[in-house]
file upload_31.cif (mmCIF, C-alpha atoms)
data_data
loop_
_atom_site.label_atom_id
_atom_site.label_comp_id
_atom_site.auth_asym_id
_atom_site.auth_seq_id
_atom_site.Cartn_x
_atom_site.Cartn_y
_atom_site.Cartn_z
CA MET A 298 159.83 309.66 130.96
CA SER A 299 159.74 313.34 130.06
CA TYR A 300 162.08 314.65 132.79
CA THR A 301 160.32 318.01 132.60
CA VAL A 302 161.20 319.13 136.13
CA PHE A 303 164.49 317.22 136.29
CA ALA A 304 165.78 319.07 133.21
CA ARG A 305 165.56 322.43 134.98
CA HIS A 306 167.71 321.26 137.87
CA TYR A 307 169.87 318.56 136.27
CA ASP A 308 173.02 320.62 135.81
CA ARG A 309 172.90 321.93 139.37
CA LEU A 310 172.59 318.41 140.78
CA MET A 311 175.39 317.16 138.51
CA HIS A 312 177.76 320.03 139.28
CA ALA A 313 180.33 317.61 140.71
CA VAL A 314 180.66 315.76 137.38
CA ASP A 315 183.78 316.85 135.50
CA TYR A 316 182.63 316.66 131.88
CA GLN A 317 186.01 317.82 130.62
CA GLU A 318 187.60 314.84 132.38
CA ARG A 319 184.95 312.48 131.02
CA ALA A 320 185.35 313.78 127.46
CA GLY A 321 189.12 313.37 127.75
CA TYR A 322 188.64 309.83 129.02
CA LEU A 323 186.38 308.89 126.12
CA CYS A 324 188.94 310.29 123.68
CA ALA A 325 191.59 308.16 125.42
CA VAL A 326 189.33 305.11 125.04
CA LEU A 327 189.09 305.75 121.30
CA LYS A 328 192.88 306.07 121.11
CA LYS A 329 193.44 302.88 123.10
CA HIS A 330 191.22 300.95 120.69
CA GLY A 331 192.70 302.59 117.60
CA HIS A 332 189.41 304.07 116.47
CA ASP A 333 188.85 307.44 114.79
CA ALA A 334 185.58 308.92 116.12
CA GLY A 335 184.53 310.07 112.64
CA LEU A 336 180.88 311.12 112.73
CA ALA A 337 179.69 310.55 116.28
CA LEU A 338 176.39 310.46 118.15
CA ASP A 339 175.82 311.27 121.82
CA LEU A 340 172.85 309.03 122.63
CA ALA A 341 170.60 310.17 125.49
CA CYS A 342 172.65 313.36 125.61
CA GLY A 343 170.55 315.04 128.30
CA THR A 344 171.48 318.70 128.70
CA GLY A 345 174.37 318.30 126.29
CA SER A 346 177.32 318.88 128.63
CA LEU A 347 179.30 315.94 127.27
CA THR A 348 178.24 316.63 123.67
CA VAL A 349 179.59 320.17 123.96
CA GLU A 350 182.87 319.05 125.51
CA LEU A 351 183.47 316.50 122.76
CA ALA A 352 182.59 319.08 120.08
CA LYS A 353 185.06 321.52 121.65
CA ARG A 354 187.72 318.87 121.09
CA GLY A 355 186.97 318.98 117.38
CA MET A 356 184.69 315.96 117.24
CA ASP A 357 181.93 315.95 114.61
CA ILE A 358 179.08 315.00 116.92
CA TYR A 359 175.36 315.47 117.40
CA GLY A 360 172.96 314.54 120.18
CA VAL A 361 169.75 312.60 120.65
CA ASP A 362 167.48 312.60 123.68
CA ALA A 363 163.84 311.76 124.40
CA SER A 364 163.22 314.84 126.54
CA ALA A 365 162.36 318.12 124.82
CA GLU A 366 163.18 319.96 128.03
CA MET A 367 166.65 318.39 128.23
CA LEU A 368 167.28 319.24 124.57
CA ALA A 369 166.25 322.86 125.11
CA GLU A 370 168.94 323.12 127.80
CA ALA A 371 171.44 321.46 125.46
CA GLN A 372 170.72 323.87 122.62
CA GLN A 373 171.23 326.87 124.90
CA LYS A 374 174.48 325.40 126.18
CA ALA A 375 175.84 324.82 122.66
CA ALA A 376 174.80 328.31 121.57
CA GLY A 377 176.60 329.77 124.57
CA GLU A 378 179.80 328.11 123.35
CA GLU A 379 179.10 329.29 119.78
CA LEU A 380 178.88 325.68 118.62
CA SER A 381 176.53 324.48 115.91
CA ILE A 382 175.35 321.09 117.14
CA LEU A 383 172.32 319.23 115.88
CA PHE A 384 170.03 317.87 118.58
CA LEU A 385 167.21 315.43 117.79
CA ARG A 386 164.34 314.26 119.95
CA GLN A 387 164.19 310.47 119.82
CA LYS A 388 163.99 307.54 122.22
CA MET A 389 166.98 305.23 122.48
CA GLN A 390 164.90 302.15 121.69
CA SER A 391 163.42 303.67 118.53
CA LEU A 392 166.50 305.48 117.22
CA ASP A 393 166.04 306.49 113.59
CA LEU A 394 168.92 308.44 112.10
CA TYR A 395 169.29 310.07 108.69
CA GLY A 396 172.36 307.93 107.98
CA THR A 397 175.05 305.87 109.64
CA VAL A 398 177.66 307.01 112.14
CA ASP A 399 181.12 305.81 113.13
CA THR A 400 180.81 306.14 116.91
CA VAL A 401 177.96 306.17 119.41
CA PHE A 402 178.48 307.35 122.99
CA CYS A 403 175.92 306.88 125.77
CA ALA A 404 177.13 308.25 129.09
CA MET A 405 176.16 308.88 132.70
CA ASP A 406 174.20 305.61 133.08
CA SER A 407 171.55 306.81 130.63
CA ILE A 408 170.98 303.24 129.43
CA ASN A 409 169.82 302.30 132.95
CA HIS A 410 166.76 304.48 132.45
CA LEU A 411 165.41 301.74 130.20
CA THR A 412 163.69 299.38 132.60
CA LEU A 413 162.54 296.59 130.29
CA GLU A 414 164.78 293.95 128.74
CA LYS A 415 163.06 294.43 125.38
CA ASP A 416 164.01 298.13 125.44
CA TRP A 417 167.68 297.43 126.19
CA ARG A 418 167.71 294.95 123.32
CA ALA A 419 165.89 297.36 121.00
CA ALA A 420 168.28 300.21 121.84
CA PHE A 421 171.33 298.03 121.13
CA GLU A 422 169.79 296.78 117.89
CA ARG A 423 169.07 300.34 116.72
CA VAL A 424 172.62 301.43 117.57
CA SER A 425 174.00 298.46 115.66
CA LEU A 426 171.78 299.24 112.67
CA PHE A 427 173.09 302.79 112.38
CA LEU A 428 176.75 302.03 113.10
CA ASN A 429 179.09 301.72 110.15
CA PRO A 430 180.98 298.40 109.97
CA GLY A 431 184.00 298.80 112.23
CA GLY A 432 182.16 301.43 114.28
CA TYR A 433 182.16 301.59 118.07
CA PHE A 434 179.43 301.82 120.68
CA ILE A 435 180.87 303.16 123.94
CA PHE A 436 178.52 303.41 126.91
CA ASP A 437 178.55 303.27 130.67
CA CYS A 438 175.98 301.92 133.09
CA ASN A 439 175.33 301.50 136.77
CA THR A 440 176.12 298.09 138.21
CA VAL A 441 173.91 295.71 140.14
CA TYR A 442 176.15 296.45 143.14
CA LYS A 443 175.31 300.16 142.95
CA HIS A 444 171.60 299.48 142.76
CA ARG A 445 171.61 296.98 145.63
CA VAL A 446 174.01 298.78 147.97
CA ILE A 447 174.45 302.47 147.07
CA LEU A 448 171.02 303.44 145.74
CA ALA A 449 168.98 300.68 147.40
CA ASP A 450 166.32 302.16 149.69
CA ASN A 451 168.46 305.13 150.61
CA THR A 452 167.57 308.81 150.67
CA PHE A 453 169.96 311.60 149.68
CA VAL A 454 169.66 315.34 150.24
CA TYR A 455 171.29 317.98 148.04
CA ASP A 456 171.42 321.72 148.67
CA THR A 457 172.97 323.68 145.80
CA GLY A 458 172.02 327.07 147.16
CA GLU A 459 169.56 327.53 144.31
CA VAL A 460 167.55 324.38 144.86
CA PHE A 461 167.05 321.92 147.72
CA CYS A 462 166.49 318.35 146.53
CA VAL A 463 165.36 315.24 148.40
CA TRP A 464 166.26 312.10 146.42
CA GLN A 465 164.45 308.95 147.59
CA ASN A 466 165.07 305.44 146.28
CA ALA A 467 163.10 302.21 146.56
CA LEU A 468 164.77 298.99 145.41
CA GLU A 469 162.81 296.21 143.76
CA LYS A 470 165.08 293.32 144.73
CA ARG A 471 163.68 290.82 142.23
CA THR A 472 164.66 292.94 139.22
CA ASP A 473 167.32 295.31 140.63
CA ARG A 474 165.07 298.14 139.49
CA VAL A 475 165.16 301.29 141.59
CA ALA A 476 162.20 303.66 141.81
CA ILE A 477 163.55 307.20 142.14
CA SER A 478 161.51 310.11 143.49
CA LEU A 479 162.94 313.61 143.39
CA ASP A 480 161.38 316.51 145.26
CA PHE A 481 162.75 319.95 144.42
CA PHE A 482 162.26 323.02 146.61
CA THR A 483 163.08 326.44 145.14
CA LYS A 484 162.79 329.71 147.01
CA ARG A 485 160.29 332.27 145.73
CA PRO A 486 160.73 336.06 145.93
CA ASP A 487 158.33 336.18 148.89
CA GLY A 488 160.56 333.81 150.85
CA ALA A 489 158.27 330.79 150.56
CA TYR A 490 159.32 327.64 148.72
CA SER A 491 157.81 326.04 145.63
CA ARG A 492 157.83 322.24 145.43
CA SER A 493 158.06 320.22 142.22
CA SER A 494 158.60 316.51 141.75
CA GLU A 495 159.93 313.98 139.25
CA HIS A 496 159.58 310.20 139.35
CA PHE A 497 161.36 307.60 137.24
CA TYR A 498 163.06 304.20 137.37
CA GLU A 499 166.52 302.82 136.67
CA ARG A 500 167.39 299.19 136.15
CA ALA A 501 170.69 297.33 136.33
CA TYR A 502 171.66 294.01 134.78
CA PRO A 503 174.61 291.69 135.43
CA THR A 504 177.60 292.24 133.14
CA GLU A 505 177.18 288.90 131.40
CA THR A 506 173.54 289.71 130.62
CA ILE A 507 174.50 293.03 129.03
CA CYS A 508 177.21 291.30 126.99
CA GLY A 509 174.53 288.89 125.78
CA PHE A 510 172.29 291.78 124.70
CA LEU A 511 175.19 293.26 122.74
CA GLN A 512 176.08 289.96 121.09
CA SER A 513 172.47 289.45 120.03
CA ALA A 514 172.57 292.90 118.41
CA GLY A 515 175.67 291.97 116.41
CA LEU A 516 178.10 293.93 118.60
CA MET A 517 181.34 292.50 119.98
CA VAL A 518 182.65 293.58 123.39
CA GLU A 519 186.19 294.85 122.88
CA GLY A 520 186.73 296.36 126.31
CA LEU A 521 185.15 296.51 129.76
CA TYR A 522 186.51 298.95 132.34
CA ALA A 523 185.77 300.41 135.73
CA ASP A 524 184.52 303.95 135.20
CA LEU A 525 187.12 306.53 134.14
CA THR A 526 189.91 303.93 134.20
CA PHE A 527 191.39 301.17 132.07
CA GLN A 528 191.23 298.76 134.95
CA ALA A 529 189.10 295.63 135.09
CA PRO A 530 185.83 296.00 137.00
CA ALA A 531 185.91 295.17 140.70
CA ALA A 532 183.16 293.64 142.82
CA GLU A 533 182.32 297.08 144.22
CA SER A 534 182.53 299.05 140.97
CA GLU A 535 179.53 301.36 140.75
CA ARG A 536 179.71 302.18 137.04
CA LEU A 537 181.24 300.25 134.13
CA LEU A 538 182.27 301.34 130.66
CA PHE A 539 181.54 298.97 127.77
CA VAL A 540 183.41 299.28 124.48
CA ALA A 541 181.57 297.37 121.75
CA LYS A 542 182.41 297.11 118.07
CA LYS A 543 180.34 296.35 115.03
CA PRO A 544 182.45 293.89 113.02
CA ALA A 545 183.88 295.20 109.77
CA ALA A 546 182.27 293.91 106.60
CA LYS A 547 183.99 290.80 105.26
CA ALA A 548 185.80 291.19 101.97
CA ARG A 549 184.27 289.18 99.16
#

call {"tool": "encode", "arguments": {"input": "upload_31.cif", "output": "structure tokens"}}
result
Amino acid sequence: MSYTVFARHYDRLMHAVDYQERAGYLCAVLKKHGHDAGLALDLACGTGSLTVELAKRGMDIYGVDASAEMLAEAQQKAAGEELSILFLRQKMQSLDLYGTVDTVFCAMDSINHLTLEKDWRAAFERVSLFLNPGGYFIFDCNTVYKHRVILADNTFVYDTGEVFCVWQNALEKRTDRVAISLDFFTKRPDGAYSRSSEHFYERAYPTETICGFLQSAGLMVEGLYADLTFQAPAAESERLLFVAKKPAAKAR
């Protein structure tokens, strides 16, 4: 999953996402759970919009993503804000940091891009390994409801003025995995259009299954909320926020 084409158009397609609101929400989550962010990691940071917003709030944070193209966009974005943010190219399931961190964020259903159970488990285990005792892993993910009902076999069309995108989904009902095909059309100087495409998958798991993955990785679920709220998830919630903690070391 290189997201070479997707990286060029990602911010345009996500223009409706209020990253300032999301950063403020994550800070409120930390406050609610009485946790100081300390040294933080934005896992699967994409083009770095959330990383930048959290850094602008004074957070000591760096980003990791598997896509070189996404990271190039992130570096330009940070430079434009005159922020010095470290960005590393690594996969979630093989995370290998220079040291431990106090907080790991993973936002915008990035974890759903892992389509195998072993990769979800590996990602959680790597996060747990590099979290300090008492540290928090805060991530959101799409729900099974969203995959079965909202994404499903539906097609969406986006026209940003700079790019025209046809987003096609195909649901694999047995696994709740959705195959996503994106076709981008950009206008050339001669008036014709250039077409480029990106294909990838997202997978959703039931809440209890995800909690089991976390427990197996040595992480305790401290909170579970409907996206951007502190309310309990509803049957039709499309995205959930998990707040998991690595237990503090026991005193000897």

call {"tool": "closest_residue", "arguments": {"input": "upload_31.cif", "among": "A:Gln372, A:Thr412, A:Asn429, A:Ser478", "to": "Lys543 (chain A)", "atoms": "only C-alpha atoms"}}
result
A:Asn429

call {"tool": "residues_around", "arguments": {"input": "upload_31.cif", "residues": "Thr452 (chain A)", "least_positions_apart": "6", "cutoff": "7 Å", "atoms": "only C-alpha atoms", "output": "ChimeraX atom specification"}}
result
/A:464-466

call {"tool": "resolve_selection", "arguments": {"input": "upload_31.cif", "expression": "the PyMOL selection byres ((chain A and resi 392) around 12)", "output": "ChimeraX atom specification"}}
result
/A:338-341,360-363,385-391,393-397,401,416,419-428

call {"tool": "atom_distance", "arguments": {"input": "upload_31.cif", "atom1": "CA of Cys462 (chain A)", "atom2": "CA of Phe482 (chain A)"}}
result
6.3 Å

call {"tool": "closest_residue", "arguments": {"input": "upload_31.cif", "among": "A:His312, A:Lys374, A:Arg536, A:His332", "to": "Gly431 (chain A)", "atoms": "all atoms listed in the file"}}
result
A:His332

call {"tool": "residues_around", "arguments": {"input": "upload_31.cif", "residues": "region 524-531 of chain A", "least_positions_apart": "4", "cutoff": "9 Å", "atoms": "all atoms listed in the file", "output": "ChimeraX atom specification"}}
result
/A:318-319,322-323,326,437,520,535-538

call {"tool": "residues_around", "arguments": {"input": "upload_31.cif", "residues": "Thr457 (chain A)", "least_positions_apart": "6", "cutoff": "12 Å", "atoms": "all atoms listed in the file", "output": "list in words"}}
result
His306, Tyr307, Asp308, Arg309, Leu310, Met311, His312, Ala313, Val463, Phe481, Phe482, Thr483 and Lys484 of chain A

call {"tool": "resolve_selection", "arguments": {"input": "upload_31.cif", "expression": "the PyMOL selection byres ((chain A and resi 320) around 12)", "output": "JSON, numbers by chain"}}
result
{"A": [314, 315, 316, 317, 318, 319, 321, 322, 323, 324, 325, 326, 327, 339, 345, 346, 347, 348, 349, 350, 351, 352, 353, 354, 355, 356, 402, 403, 404, 405, 525]}

call {"tool": "residues_around", "arguments": {"input": "upload_31.cif", "residues": "Leu336 (chain A)", "least_positions_apart": "3", "cutoff": "7 Å", "atoms": "all atoms listed in the file", "output": "VMD selection string"}}
result
chain A and resid 357 to 358 398 to 400

call {"tool": "write_last_selection", "arguments": {"input": "upload_31.cif", "atoms": "C-alpha atoms", "output": "PDB file, keeping the file's coordinate frame"}}
result
ATOM      1  CA  ASP A 357     181.930 315.950 114.610  1.00  0.00           C
ATOM      2  CA  ILE A 358     179.080 315.000 116.920  1.00  0.00           C
ATOM      3  CA  VAL A 398     177.660 307.010 112.140  1.00  0.00           C
ATOM      4  CA  ASP A 399     181.120 305.810 113.130  1.00  0.00           C
ATOM      5  CA  THR A 400     180.810 306.140 116.910  1.00  0.00           C
TER       6      THR A 400
END

call {"tool": "atom_distance", "arguments": {"input": "upload_31.cif", "atom1": "CA of Asn451 (chain A)", "atom2": "CA of Glu366 (chain A)"}}
result
27.5 Å

call {"tool": "closest_residue", "arguments": {"input": "upload_31.cif", "among": "A:Glu469, A:Glu378, A:Glu414, A:Asp480", "to": "Gly509 (chain A)", "atoms": "all atoms listed in the file"}}
result
A:Glu414

call {"tool": "residues_near_point", "arguments": {"input": "upload_31.cif", "point": "(177.4, 291.8, 122.5)", "cutoff": "12 Å", "atoms": "only C-alpha atoms", "output": "PyMOL selection string"}}
result
chain A and resi 417-418+421-422+424-425+433-435+504-521+539-544

call {"tool": "atom_distance", "arguments": {"input": "upload_31.cif", "atom1": "CA of Thr440 (chain A)", "atom2": "CA of Glu495 (chain A)"}}
result
22.7 Å

call {"tool": "closest_residue", "arguments": {"input": "upload_31.cif", "among": "A:Ile477, A:Ala546, A:Val441, A:Ala489", "to": "Glu533 (chain A)", "atoms": "all atoms listed in the file"}}
result
A:Val441

call {"tool": "closest_residue", "arguments": {"input": "upload_31.cif", "among": "A:Tyr498, A:Arg305, A:Cys342, A:Asp473", "to": "Arg445 (chain A)", "atoms": "only C-alpha atoms"}}
result
A:Asp473

call {"tool": "closest_residue", "arguments": {"input": "upload_31.cif", "among": "A:Gly458, A:Thr344, A:Leu368, A:Gly432", "to": "His330 (chain A)", "atoms": "all atoms listed in the file"}}
result
A:Gly432

call {"tool": "decode", "arguments": {"input": "upload_31.cif", "residues": "region 438-450 of chain A", "atoms": "all heavy atoms", "output": "compact mmCIF listing (two decimals), in the first residue's frame"}}
result
# COMPACT_ATOMS: atom_id res chain seq x y z
N CYS A 438 -11.34 4.02 14.67
CA CYS A 438 -11.48 3.08 13.56
C CYS A 438 -12.93 3.04 13.08
O CYS A 438 -13.86 3.35 13.83
CB CYS A 438 -11.01 1.69 13.94
SG CYS A 438 -11.91 0.93 15.29
N ASN A 439 -13.07 2.70 11.82
CA ASN A 439 -14.40 2.51 11.25
C ASN A 439 -15.06 1.28 11.88
O ASN A 439 -14.40 0.31 12.23
CB ASN A 439 -14.32 2.30 9.74
CG ASN A 439 -14.05 3.60 8.99
OD1 ASN A 439 -14.28 4.68 9.49
ND2 ASN A 439 -13.54 3.46 7.77
N THR A 440 -16.37 1.34 11.98
CA THR A 440 -17.13 0.25 12.57
C THR A 440 -17.60 -0.74 11.50
O THR A 440 -17.61 -0.44 10.30
CB THR A 440 -18.36 0.78 13.31
OG1 THR A 440 -19.20 1.47 12.35
CG2 THR A 440 -17.98 1.74 14.42
N VAL A 441 -18.01 -1.91 11.96
CA VAL A 441 -18.60 -2.89 11.06
C VAL A 441 -19.85 -2.30 10.41
O VAL A 441 -20.10 -2.51 9.21
CB VAL A 441 -18.94 -4.17 11.84
CG1 VAL A 441 -19.81 -5.11 10.99
CG2 VAL A 441 -17.67 -4.87 12.30
N TYR A 442 -20.62 -1.53 11.16
CA TYR A 442 -21.82 -0.87 10.60
C TYR A 442 -21.45 0.00 9.40
O TYR A 442 -22.11 -0.06 8.35
CB TYR A 442 -22.50 -0.03 11.67
CG TYR A 442 -23.56 0.91 11.11
CD1 TYR A 442 -24.84 0.45 10.83
CD2 TYR A 442 -23.27 2.24 10.86
CE1 TYR A 442 -25.80 1.28 10.29
CE2 TYR A 442 -24.23 3.10 10.33
CZ TYR A 442 -25.49 2.62 10.04
OH TYR A 442 -26.44 3.46 9.50
N LYS A 443 -20.39 0.78 9.53
CA LYS A 443 -20.00 1.66 8.42
C LYS A 443 -19.61 0.85 7.20
O LYS A 443 -19.97 1.19 6.06
CB LYS A 443 -18.85 2.57 8.84
CG LYS A 443 -18.44 3.54 7.74
CD LYS A 443 -17.39 4.53 8.21
CE LYS A 443 -17.02 5.50 7.09
NZ LYS A 443 -16.02 6.51 7.53
N HIS A 444 -18.89 -0.22 7.41
CA HIS A 444 -18.47 -1.04 6.28
C HIS A 444 -19.66 -1.72 5.61
O HIS A 444 -19.71 -1.81 4.37
CB HIS A 444 -17.44 -2.07 6.73
CG HIS A 444 -16.05 -1.52 6.79
ND1 HIS A 444 -14.95 -2.22 6.33
CD2 HIS A 444 -15.58 -0.33 7.23
CE1 HIS A 444 -13.86 -1.48 6.50
NE2 HIS A 444 -14.22 -0.34 7.06
N ARG A 445 -20.60 -2.20 6.40
CA ARG A 445 -21.72 -2.96 5.83
C ARG A 445 -22.79 -2.06 5.22
O ARG A 445 -23.46 -2.46 4.25
CB ARG A 445 -22.36 -3.82 6.92
CG ARG A 445 -21.49 -4.96 7.40
CD ARG A 445 -22.18 -5.75 8.50
NE ARG A 445 -21.35 -6.87 8.96
CZ ARG A 445 -21.68 -7.68 9.96
NH1 ARG A 445 -22.83 -7.50 10.62
NH2 ARG A 445 -20.86 -8.66 10.33
N VAL A 446 -22.96 -0.86 5.78
CA VAL A 446 -24.08 -0.01 5.37
C VAL A 446 -23.65 1.24 4.60
O VAL A 446 -24.24 1.58 3.57
CB VAL A 446 -24.92 0.40 6.60
CG1 VAL A 446 -26.08 1.32 6.18
CG2 VAL A 446 -25.44 -0.82 7.32
N ILE A 447 -22.62 1.94 5.08
CA ILE A 447 -22.24 3.22 4.47
C ILE A 447 -21.30 3.01 3.29
O ILE A 447 -21.55 3.51 2.18
CB ILE A 447 -21.58 4.14 5.51
CG1 ILE A 447 -22.50 4.30 6.74
CG2 ILE A 447 -21.26 5.50 4.89
CD1 ILE A 447 -23.87 4.86 6.44
N LEU A 448 -20.23 2.26 3.49
CA LEU A 448 -19.31 1.98 2.39
C LEU A 448 -19.90 0.91 1.48
O LEU A 448 -20.16 1.15 0.31
CB LEU A 448 -17.94 1.55 2.93
CG LEU A 448 -17.18 2.59 3.75
CD1 LEU A 448 -15.84 2.04 4.21
CD2 LEU A 448 -16.98 3.88 2.97
N ALA A 449 -20.08 -0.27 2.03
CA ALA A 449 -20.76 -1.38 1.33
C ALA A 449 -20.32 -1.50 -0.12
O ALA A 449 -19.13 -1.53 -0.41
CB ALA A 449 -22.27 -1.20 1.46
N ASP A 450 -21.28 -1.56 -1.03
CA ASP A 450 -20.99 -1.62 -2.47
C ASP A 450 -21.33 -0.29 -3.14
O ASP A 450 -21.67 -0.24 -4.32
CB ASP A 450 -21.79 -2.75 -3.12
CG ASP A 450 -21.37 -4.12 -2.63
OD1 ASP A 450 -20.15 -4.40 -2.63
OD2 ASP A 450 -22.24 -4.90 -2.21
